$ cat input-v6.cif   # mmCIF, C-alpha atoms and all ligand atoms
data_data
#
loop_
_atom_site.label_atom_id
_atom_site.label_comp_id
_atom_site.auth_asym_id
_atom_site.auth_seq_id
_atom_site.Cartn_x
_atom_site.Cartn_y
_atom_site.Cartn_z
CA MET A 1 136.14 -43.48 318.79
CA LYS A 2 136.46 -39.75 318.29
CA THR A 3 135.68 -39.01 314.66
CA PHE A 4 136.72 -36.00 312.57
CA PRO A 5 136.87 -34.87 308.96
CA LEU A 6 140.01 -36.14 307.19
CA VAL A 7 141.30 -34.03 304.32
CA LEU A 8 143.20 -36.02 301.69
CA SER A 9 145.13 -33.92 299.19
CA ALA A 10 147.60 -34.98 296.53
CA PRO A 11 148.77 -34.14 293.06
CA SER A 12 146.39 -35.66 290.51
CA GLY A 13 147.32 -39.32 289.93
CA ALA A 14 149.03 -39.91 293.29
CA GLY A 15 146.25 -42.30 294.33
CA LYS A 16 144.04 -40.49 296.81
CA THR A 17 140.75 -41.69 295.29
CA THR A 18 142.00 -45.27 295.38
CA ILE A 19 143.12 -44.94 299.01
CA ALA A 20 139.84 -43.31 300.03
CA ARG A 21 137.82 -46.13 298.42
CA ARG A 22 139.91 -48.80 300.18
CA LEU A 23 139.42 -47.08 303.52
CA ARG A 24 135.69 -46.97 303.09
CA GLU A 25 135.61 -50.67 302.16
CA ARG A 26 137.63 -51.46 305.24
CA ARG A 27 135.71 -49.42 307.82
CA GLY A 28 132.04 -48.98 308.53
CA ASP A 29 132.40 -45.55 310.10
CA VAL A 30 133.69 -43.57 307.11
CA ASP A 31 131.64 -41.40 304.75
CA PHE A 32 132.76 -39.58 301.61
CA SER A 33 132.14 -35.94 301.06
CA VAL A 34 130.68 -35.79 297.55
CA SER A 35 131.84 -32.52 296.02
CA ALA A 36 129.95 -30.39 293.55
CA THR A 37 131.86 -29.78 290.33
CA THR A 38 131.41 -28.12 286.97
CA ARG A 39 133.73 -30.61 285.25
CA LEU A 40 132.14 -33.20 282.98
CA PRO A 41 131.76 -36.79 284.25
CA ARG A 42 134.40 -39.30 283.17
CA PRO A 43 133.15 -42.58 281.75
CA GLY A 44 131.79 -44.63 284.65
CA GLU A 45 131.41 -41.72 287.06
CA ARG A 46 127.97 -41.39 288.60
CA ASP A 47 126.18 -38.20 289.53
CA GLY A 48 125.62 -37.99 293.29
CA VAL A 49 128.17 -40.77 293.95
CA ASP A 50 131.50 -39.55 292.53
CA TYR A 51 130.48 -35.90 292.29
CA HIS A 52 127.40 -33.77 292.07
CA PHE A 53 127.88 -32.67 288.47
CA VAL A 54 126.34 -29.21 288.08
CA PRO A 55 126.41 -26.48 285.45
CA GLU A 56 128.32 -23.32 286.32
CA ASP A 57 125.20 -21.21 287.04
CA GLU A 58 124.02 -23.83 289.55
CA PHE A 59 127.49 -23.86 291.16
CA ARG A 60 127.36 -20.08 291.51
CA ARG A 61 123.90 -20.37 293.12
CA MET A 62 125.31 -22.85 295.65
CA ILE A 63 128.10 -20.40 296.54
CA ALA A 64 125.62 -17.54 296.93
CA ALA A 65 123.35 -19.67 299.15
CA GLY A 66 126.29 -20.54 301.45
CA ALA A 67 125.84 -24.24 300.59
CA LEU A 68 129.59 -24.81 300.04
CA ILE A 69 131.95 -24.82 303.01
CA GLU A 70 134.87 -24.23 300.61
CA TRP A 71 135.28 -24.05 296.86
CA ALA A 72 138.12 -23.53 294.41
CA GLN A 73 138.96 -23.52 290.74
CA VAL A 74 141.13 -26.54 289.95
CA HIS A 75 142.51 -27.55 286.55
CA GLY A 76 140.03 -25.17 284.89
CA ALA A 77 136.79 -26.32 286.60
CA PHE A 78 135.03 -25.37 289.84
CA TYR A 79 134.91 -27.80 292.76
CA GLY A 80 133.32 -27.32 296.19
CA THR A 81 132.47 -29.20 299.39
CA PRO A 82 128.78 -29.14 300.34
CA ARG A 83 128.43 -27.94 303.92
CA SER A 84 125.75 -30.60 304.53
CA TYR A 85 128.29 -33.49 304.42
CA VAL A 86 130.46 -31.91 307.10
CA ASP A 87 127.45 -31.12 309.31
CA ASP A 88 125.88 -34.59 308.89
CA ALA A 89 129.14 -36.45 309.63
CA ALA A 90 129.68 -34.42 312.80
CA ARG A 91 126.08 -35.02 313.91
CA ASN A 92 126.27 -38.77 313.24
CA GLY A 93 129.74 -39.33 314.73
CA ARG A 94 131.30 -40.47 311.43
CA PHE A 95 134.66 -39.88 309.82
CA LEU A 96 134.32 -37.81 306.66
CA LEU A 97 136.92 -38.13 303.89
CA LEU A 98 137.40 -34.97 301.87
CA ASP A 99 139.30 -35.49 298.63
CA ILE A 100 140.08 -31.86 297.86
CA ASP A 101 142.88 -29.79 296.39
CA VAL A 102 145.47 -27.83 298.35
CA GLN A 103 143.53 -24.52 298.07
CA GLY A 104 140.45 -26.22 299.52
CA ALA A 105 142.58 -27.79 302.27
CA ARG A 106 143.74 -24.32 303.33
CA LEU A 107 140.16 -23.07 303.47
CA ILE A 108 139.02 -26.10 305.50
CA ARG A 109 141.79 -25.43 308.01
CA ASN A 110 139.98 -22.22 308.93
CA ALA A 111 136.39 -23.38 308.44
CA VAL A 112 136.76 -26.77 310.18
CA PRO A 113 139.62 -26.53 312.69
CA GLU A 114 139.10 -30.08 314.00
CA ALA A 115 139.87 -31.56 310.53
CA VAL A 116 143.09 -33.57 310.16
CA HIS A 117 145.09 -33.07 306.94
CA VAL A 118 147.01 -35.76 305.08
CA PHE A 119 149.05 -35.19 301.93
CA ILE A 120 149.59 -38.19 299.65
CA LEU A 121 152.82 -38.23 297.67
CA PRO A 122 153.68 -40.64 294.87
CA PRO A 123 156.93 -42.56 295.45
CA SER A 124 158.57 -40.79 292.48
CA GLY A 125 157.85 -38.38 289.66
CA ARG A 126 158.02 -41.23 287.20
CA ALA A 127 155.34 -43.17 289.13
CA LEU A 128 153.11 -40.09 289.16
CA VAL A 129 153.38 -39.64 285.40
CA GLN A 130 152.80 -43.36 284.80
CA ARG A 131 149.72 -43.45 287.04
CA LEU A 132 148.21 -40.32 285.58
CA VAL A 133 148.84 -41.38 281.98
CA GLY A 134 147.97 -45.01 282.78
CA ARG A 135 144.60 -44.04 284.27
CA GLY A 136 143.66 -42.99 280.76
CA SER A 137 140.99 -40.55 281.94
CA GLU A 138 142.50 -37.38 280.45
CA ASP A 139 143.90 -36.47 277.07
CA ASP A 140 147.54 -35.32 276.70
CA ALA A 141 146.77 -31.63 277.20
CA ARG A 142 144.83 -32.30 280.40
CA VAL A 143 147.50 -34.64 281.74
CA GLN A 144 150.08 -31.91 281.13
CA ARG A 145 147.96 -29.34 282.89
CA ARG A 146 147.58 -31.62 285.93
CA LEU A 147 151.35 -32.21 285.98
CA ARG A 148 152.07 -28.47 285.75
CA ASN A 149 149.73 -27.92 288.71
CA ALA A 150 151.46 -30.75 290.58
CA LEU A 151 154.71 -28.75 290.50
CA ASP A 152 153.09 -26.19 292.84
CA GLU A 153 150.86 -28.56 294.79
CA ILE A 154 153.66 -30.82 296.03
CA GLY A 155 155.40 -27.77 297.47
CA THR A 156 152.58 -27.46 300.03
CA ALA A 157 153.11 -30.95 301.51
CA SER A 158 154.84 -29.51 304.59
CA GLU A 159 151.63 -27.60 305.51
CA PHE A 160 149.86 -30.90 306.18
CA ASP A 161 149.62 -32.72 309.52
CA HIS A 162 150.89 -35.97 307.96
CA VAL A 163 152.51 -37.05 304.70
CA VAL A 164 151.93 -40.57 303.34
CA VAL A 165 153.94 -41.92 300.41
CA ASN A 166 151.69 -44.09 298.24
CA ASP A 167 154.33 -46.55 297.10
CA GLU A 168 152.65 -49.82 298.00
CA LEU A 169 148.89 -49.33 298.14
CA ASP A 170 148.16 -51.57 301.15
CA ALA A 171 150.87 -49.87 303.22
CA ALA A 172 149.57 -46.40 302.28
CA VAL A 173 146.02 -47.42 303.25
CA ARG A 174 147.33 -48.74 306.58
CA ASP A 175 149.08 -45.40 307.18
CA VAL A 176 145.96 -43.33 306.54
CA ASN A 177 143.96 -45.77 308.66
CA ALA A 178 146.45 -45.24 311.49
CA VAL A 179 145.77 -41.49 311.27
CA LEU A 180 142.02 -42.16 311.61
CA GLU A 181 142.68 -44.29 314.68
CA GLY A 182 144.99 -41.72 316.23
CA ARG A 183 147.94 -44.15 316.04
CA VAL A 184 150.20 -41.69 314.30
CA HIS A 185 153.33 -43.33 315.80
CA ALA A 186 152.52 -46.28 313.48
CA LEU A 187 152.98 -44.17 310.34
CA ARG A 188 155.94 -45.22 308.22
CA PRO A 189 158.64 -42.57 308.26
CA HIS A 190 159.34 -40.96 304.91
CA PRO A 191 162.58 -39.47 303.55
CA PRO A 192 163.01 -35.68 303.96
CA LEU A 193 160.32 -33.86 301.97
CA GLU A 194 162.75 -31.55 300.24
CA GLY A 195 164.47 -34.50 298.53
CA ILE A 196 161.27 -36.28 297.42
CA VAL A 197 159.65 -33.06 296.21
CA GLY A 198 162.80 -32.09 294.29
CA GLU A 199 162.95 -35.47 292.56
CA ILE A 200 159.26 -35.43 291.66
CA ARG A 201 159.53 -31.90 290.24
CA PHE A 202 162.60 -32.89 288.22
CA GLU A 203 160.81 -35.88 286.66
CA ILE A 204 157.66 -33.87 285.90
CA GLU A 205 159.72 -31.14 284.19
CA ARG A 206 161.52 -33.81 282.19
CA HIS A 207 158.22 -35.34 281.08
CA LEU A 208 156.78 -31.93 280.14
CA ASP A 209 159.95 -31.02 278.19
CA ALA A 210 159.82 -34.34 276.33
CA SER A 211 156.15 -33.68 275.48
CA VAL A 212 157.10 -30.31 274.01
CA ALA A 213 159.96 -31.88 272.07
CA ASP A 214 157.74 -34.49 270.42
CA GLY A 215 154.98 -31.97 269.74
CA ARG A 216 152.35 -33.27 272.16
CA ALA A 217 152.19 -30.08 274.23
CA THR A 218 149.31 -27.71 273.62
CA GLY A 219 148.34 -24.60 275.45
CA GLN A 220 144.68 -25.25 274.69
CA LEU A 221 142.18 -27.01 276.89
P1 LIG B 301 144.02 -39.41 292.37
O1 LIG B 301 142.65 -39.62 292.94
O2 LIG B 301 145.03 -38.97 293.37
O3 LIG B 301 144.03 -38.54 291.14
P2 LIG B 301 143.79 -42.23 291.60
O4 LIG B 301 143.33 -42.86 292.88
O5 LIG B 301 142.79 -42.07 290.49
O6 LIG B 301 144.55 -40.84 291.86
O7 LIG B 301 145.03 -43.12 291.10
C1 LIG B 301 145.68 -42.86 289.86
C2 LIG B 301 146.03 -44.20 289.18
O8 LIG B 301 147.08 -44.83 289.93
C3 LIG B 301 144.87 -45.18 289.15
O9 LIG B 301 144.89 -45.86 287.91
C4 LIG B 301 145.17 -46.14 290.32
O10 LIG B 301 144.64 -47.43 290.08
C5 LIG B 301 146.69 -46.14 290.35
N1 LIG B 301 147.27 -46.35 291.69
C6 LIG B 301 146.84 -45.81 292.86
N2 LIG B 301 147.65 -46.20 293.88
C7 LIG B 301 148.61 -46.98 293.34
C8 LIG B 301 149.74 -47.69 293.88
N3 LIG B 301 150.06 -47.65 295.18
N4 LIG B 301 150.51 -48.38 293.01
C9 LIG B 301 150.22 -48.42 291.69
N5 LIG B 301 149.17 -47.78 291.12
C10 LIG B 301 148.37 -47.07 291.93
P1 LIG B 302 139.37 -34.75 289.56
O1 LIG B 302 138.89 -33.88 288.41
O2 LIG B 302 140.62 -35.54 289.20
O3 LIG B 302 138.28 -35.60 290.15
O4 LIG B 302 139.80 -33.75 290.73
C1 LIG B 302 140.67 -32.70 290.46
C2 LIG B 302 141.12 -32.05 291.74
O5 LIG B 302 140.00 -31.38 292.36
C3 LIG B 302 141.67 -33.03 292.78
O6 LIG B 302 142.85 -32.43 293.33
C4 LIG B 302 140.57 -33.09 293.82
O7 LIG B 302 141.10 -33.36 295.10
C5 LIG B 302 140.03 -31.67 293.74
N1 LIG B 302 138.68 -31.55 294.32
C6 LIG B 302 137.67 -32.44 294.23
N2 LIG B 302 136.61 -31.99 294.92
C7 LIG B 302 136.97 -30.80 295.48
C8 LIG B 302 136.31 -29.86 296.33
O8 LIG B 302 135.17 -30.00 296.73
N3 LIG B 302 137.01 -28.75 296.67
C9 LIG B 302 138.27 -28.52 296.25
N4 LIG B 302 138.88 -27.41 296.67
N5 LIG B 302 138.94 -29.40 295.47
C10 LIG B 302 138.29 -30.52 295.08
#

$ encode --input "input-v6.cif" --output "structure tokens"
Amino acid sequence: MKTFPLVLSAPSGAGKTTIARRLRERRGDVDFSVSATTRLPRPGERDGVDYHFVPEDEFRRMIAAGALIEWAQVHGAFYGTPRSYVDDAARNGRFLLLDIDVQGARLIRNAVPEAVHVFILPPSGRALVQRLVGRGSEDDARVQRRLRNALDEIGTASEFDHVVVNDELDAAVRDVNAVLEGRVHALRPHPPLEGIVGEIRFEIERHLDASVADGRATGQL
């Protein structure tokens, strides 16, 4: 099977990490690109497995040495894809899943033209808020920052080769798996992007306004 790097982007909380893990459990020919980041580990995250957690001076050294094929500042921290994962996957004939933000996806489009790009959307704005809050990994201020970023990120969905709505997890995993296998005709159709994106933005704005009204909003991180 012809393998390629698969970029998975999504607003935070849409479920891309969950989908990527399921895909790797399901297939023996998929590797993860483990990004370098300056953000602190969440409880349970392991260095070298979830991310390479590095201080900012080390991250800057990696940029200067050309060790990152792309990097970006996301939600206030630096994140970057080590070039070695992309090179190794190509050499070993493996799919490589890159869980990166929309800025990184744009950079990969130039740096790795053979990559295929999938945008994961939540089924609704309400589901996105519930998943992000329900994950419990960020405090209120950080959740709000991720939701504010989502307002812009979801507007880039049309730049991607494929859009998958993560309503029912198994169906979303099957869709992304179909992309890996080149069976893109098997992808479930989704409603027009403009409508979904408008609804998600509306719900996010409503949540952010309600947070301001009950005093949970802070400008500080
Ligand atoms: P991301 O990596 O895009 O930020 P995660 O994979 O961490 O998102 O998912 C966010 C939360 O939503 C997690 O708690 C996850 O278990 C949950 N989740 C993911 N997909 C679904 C789904 N299809 N239905 C319900 N909950 C989901
Ligand atoms: P989180 O902090 O929730 O793990 O990730 C925050 C955001 O950073 C997500 O949108 C994730 O896709 C993105 N991200 C993770 N690694 C990279 C990377 O190497 N490069 C870029 N550009 N974004 C990344």

$ residues_near_ligand --input "input-v6.cif" --ligand "ligand LIG 302 (chain B)" --cutoff "8 Å" --atoms "only C-alpha atoms and all ligand atoms" --output "ChimeraX atom specification"
/A:8-13,16,33-37,39,51,70-75,78-82,98-105

$ closest_atom_pairs --input "input-v6.cif" --of "segment 56-96 of chain A" --to "segment 110-128 of chain A" --cutoff "12 Å" --atoms "all atoms listed in the file" --output "JSON lines"
{"residue": "A:Leu68", "atom": "CA", "partner": "A:Ala111", "partner_atom": "CA", "distance": 10.9}
{"residue": "A:Ile69", "atom": "CA", "partner": "A:Ala111", "partner_atom": "CA", "distance": 7.2}
{"residue": "A:Glu70", "atom": "CA", "partner": "A:Ala111", "partner_atom": "CA", "distance": 8.0}
{"residue": "A:Trp71", "atom": "CA", "partner": "A:Ala111", "partner_atom": "CA", "distance": 11.7}
{"residue": "A:Thr81", "atom": "CA", "partner": "A:Ala111", "partner_atom": "CA", "distance": 11.5}
{"residue": "A:Arg83", "atom": "CA", "partner": "A:Ala111", "partner_atom": "CA", "distance": 10.2}
{"residue": "A:Val86", "atom": "CA", "partner": "A:Val112", "partner_atom": "CA", "distance": 8.7}
{"residue": "A:Asp87", "atom": "CA", "partner": "A:Val112", "partner_atom": "CA", "distance": 10.3}
{"residue": "A:Ala89", "atom": "CA", "partner": "A:Ala115", "partner_atom": "CA", "distance": 11.8}
{"residue": "A:Ala90", "atom": "CA", "partner": "A:Glu114", "partner_atom": "CA", "distance": 10.4}
{"residue": "A:Phe95", "atom": "CA", "partner": "A:Ala115", "partner_atom": "CA", "distance": 9.8}
{"residue": "A:Leu96", "atom": "CA", "partner": "A:Ala115", "partner_atom": "CA", "distance": 9.2}

$ residues_near_ligand --input "input-v6.cif" --ligand "ligand LIG 301 (chain B)" --cutoff "6 Å" --atoms "only C-alpha atoms and all ligand atoms" --output "PDB file with C-alpha atoms, keeping the file's coordinate frame"
ATOM      1  CA  ALA A  10     147.600 -34.980 296.530  1.00  0.00           C
ATOM      2  CA  SER A  12     146.390 -35.660 290.510  1.00  0.00           C
ATOM      3  CA  GLY A  13     147.320 -39.320 289.930  1.00  0.00           C
ATOM      4  CA  ALA A  14     149.030 -39.910 293.290  1.00  0.00           C
ATOM      5  CA  GLY A  15     146.250 -42.300 294.330  1.00  0.00           C
ATOM      6  CA  LYS A  16     144.040 -40.490 296.810  1.00  0.00           C
ATOM      7  CA  THR A  17     140.750 -41.690 295.290  1.00  0.00           C
ATOM      8  CA  THR A  18     142.000 -45.270 295.380  1.00  0.00           C
ATOM      9  CA  ARG A 131     149.720 -43.450 287.040  1.00  0.00           C
ATOM     10  CA  LEU A 132     148.210 -40.320 285.580  1.00  0.00           C
ATOM     11  CA  ARG A 135     144.600 -44.040 284.270  1.00  0.00           C
ATOM     12  CA  ASN A 166     151.690 -44.090 298.240  1.00  0.00           C
ATOM     13  CA  ASP A 167     154.330 -46.550 297.100  1.00  0.00           C
ATOM     14  CA  GLU A 168     152.650 -49.820 298.000  1.00  0.00           C
ATOM     15  CA  LEU A 169     148.890 -49.330 298.140  1.00  0.00           C
TER      16      LEU A 169
END

$ atom_distance --input "input-v6.cif" --atom1 "atom CA of Ala157 of chain A" --atom2 "atom CA of Val184 of chain A"
17.0 Å

$ closest_residue --input "input-v6.cif" --among "A:Leu23, A:Met62, A:Ile200, A:Ala77" --to "Ile154 of chain A" --atoms "all atoms listed in the file"
A:Ile200

$ atom_distance --input "input-v6.cif" --atom1 "atom CA of Pro41 of chain A" --atom2 "atom CA of Arg27 of chain A"
27.0 Å

$ atom_distance --input "input-v6.cif" --atom1 "atom CA of Gly76 of chain A" --atom2 "atom CA of Glu199 of chain A"
26.3 Å

$ build_atoms --input "input-v6.cif" --residues "segment 117-151 of chain A" --atoms "N, CA and C atoms" --output "short mmCIF file (atom, residue, chain, number, x, y, z; two decimals), in the frame of the given file"
data_model
loop_
_atom_site.label_atom_id
_atom_site.label_comp_id
_atom_site.auth_asym_id
_atom_site.auth_seq_id
_atom_site.Cartn_x
_atom_site.Cartn_y
_atom_site.Cartn_z
N HIS A 117 144.69 -33.22 308.35
CA HIS A 117 145.09 -33.07 306.94
C HIS A 117 146.22 -34.02 306.58
N VAL A 118 146.00 -34.81 305.55
CA VAL A 118 147.01 -35.76 305.08
C VAL A 118 147.34 -35.47 303.62
N PHE A 119 148.62 -35.39 303.33
CA PHE A 119 149.05 -35.19 301.93
C PHE A 119 149.61 -36.52 301.42
N ILE A 120 149.12 -36.95 300.26
CA ILE A 120 149.59 -38.19 299.65
C ILE A 120 150.61 -37.85 298.58
N LEU A 121 151.79 -38.43 298.69
CA LEU A 121 152.82 -38.23 297.67
C LEU A 121 153.02 -39.52 296.89
N PRO A 122 153.28 -39.44 295.60
CA PRO A 122 153.68 -40.64 294.87
C PRO A 122 155.12 -40.97 295.27
N PRO A 123 155.57 -42.21 295.05
CA PRO A 123 156.93 -42.56 295.45
C PRO A 123 157.99 -41.87 294.59
N SER A 124 157.61 -41.44 293.38
CA SER A 124 158.57 -40.79 292.48
C SER A 124 157.78 -40.02 291.43
N GLY A 125 158.49 -39.13 290.74
CA GLY A 125 157.85 -38.38 289.66
C GLY A 125 157.45 -39.31 288.53
N ARG A 126 158.31 -40.29 288.28
CA ARG A 126 158.02 -41.23 287.20
C ARG A 126 156.72 -42.00 287.49
N ALA A 127 156.57 -42.43 288.76
CA ALA A 127 155.34 -43.17 289.13
C ALA A 127 154.11 -42.28 288.95
N LEU A 128 154.26 -41.00 289.30
CA LEU A 128 153.11 -40.09 289.16
C LEU A 128 152.69 -39.98 287.69
N VAL A 129 153.68 -39.77 286.83
CA VAL A 129 153.38 -39.64 285.40
C VAL A 129 152.74 -40.94 284.89
N GLN A 130 153.34 -42.07 285.28
CA GLN A 130 152.80 -43.36 284.80
C GLN A 130 151.36 -43.57 285.26
N ARG A 131 151.08 -43.23 286.53
CA ARG A 131 149.72 -43.45 287.04
C ARG A 131 148.73 -42.53 286.36
N LEU A 132 149.14 -41.28 286.17
CA LEU A 132 148.21 -40.32 285.58
C LEU A 132 147.94 -40.68 284.12
N VAL A 133 149.01 -41.00 283.39
CA VAL A 133 148.84 -41.38 281.98
C VAL A 133 148.12 -42.73 281.92
N GLY A 134 148.53 -43.66 282.80
CA GLY A 134 147.97 -45.01 282.78
C GLY A 134 146.49 -45.04 283.11
N ARG A 135 146.02 -44.07 283.91
CA ARG A 135 144.60 -44.04 284.27
C ARG A 135 143.75 -43.82 283.02
N GLY A 136 144.33 -43.13 282.05
CA GLY A 136 143.66 -42.99 280.76
C GLY A 136 142.41 -42.12 280.79
N SER A 137 142.25 -41.31 281.83
CA SER A 137 140.99 -40.55 281.94
C SER A 137 141.10 -39.16 281.33
N GLU A 138 142.32 -38.71 281.02
CA GLU A 138 142.50 -37.38 280.45
C GLU A 138 143.31 -37.46 279.17
N ASP A 139 143.07 -36.51 278.27
CA ASP A 139 143.90 -36.47 277.07
C ASP A 139 145.25 -35.82 277.42
N ASP A 140 146.18 -35.81 276.43
CA ASP A 140 147.54 -35.32 276.70
C ASP A 140 147.56 -33.93 277.30
N ALA A 141 146.74 -33.02 276.73
CA ALA A 141 146.77 -31.63 277.20
C ALA A 141 146.33 -31.55 278.66
N ARG A 142 145.32 -32.34 279.01
CA ARG A 142 144.83 -32.30 280.40
C ARG A 142 145.82 -32.96 281.36
N VAL A 143 146.47 -34.01 280.90
CA VAL A 143 147.50 -34.64 281.74
C VAL A 143 148.61 -33.62 282.01
N GLN A 144 149.00 -32.90 280.95
CA GLN A 144 150.08 -31.91 281.13
C GLN A 144 149.67 -30.80 282.08
N ARG A 145 148.42 -30.39 281.99
CA ARG A 145 147.96 -29.34 282.89
C ARG A 145 147.99 -29.82 284.34
N ARG A 146 147.56 -31.07 284.58
CA ARG A 146 147.58 -31.62 285.93
C ARG A 146 149.01 -31.74 286.45
N LEU A 147 149.95 -32.10 285.55
CA LEU A 147 151.35 -32.21 285.98
C LEU A 147 151.93 -30.83 286.28
N ARG A 148 151.57 -29.84 285.47
CA ARG A 148 152.07 -28.47 285.75
C ARG A 148 151.55 -28.01 287.11
N ASN A 149 150.28 -28.29 287.40
CA ASN A 149 149.73 -27.92 288.71
C ASN A 149 150.42 -28.67 289.84
N ALA A 150 150.80 -29.93 289.55
CA ALA A 150 151.46 -30.75 290.58
C ALA A 150 152.77 -30.10 291.04
N LEU A 151 153.44 -29.39 290.14
CA LEU A 151 154.71 -28.75 290.50
C LEU A 151 154.50 -27.82 291.70
#
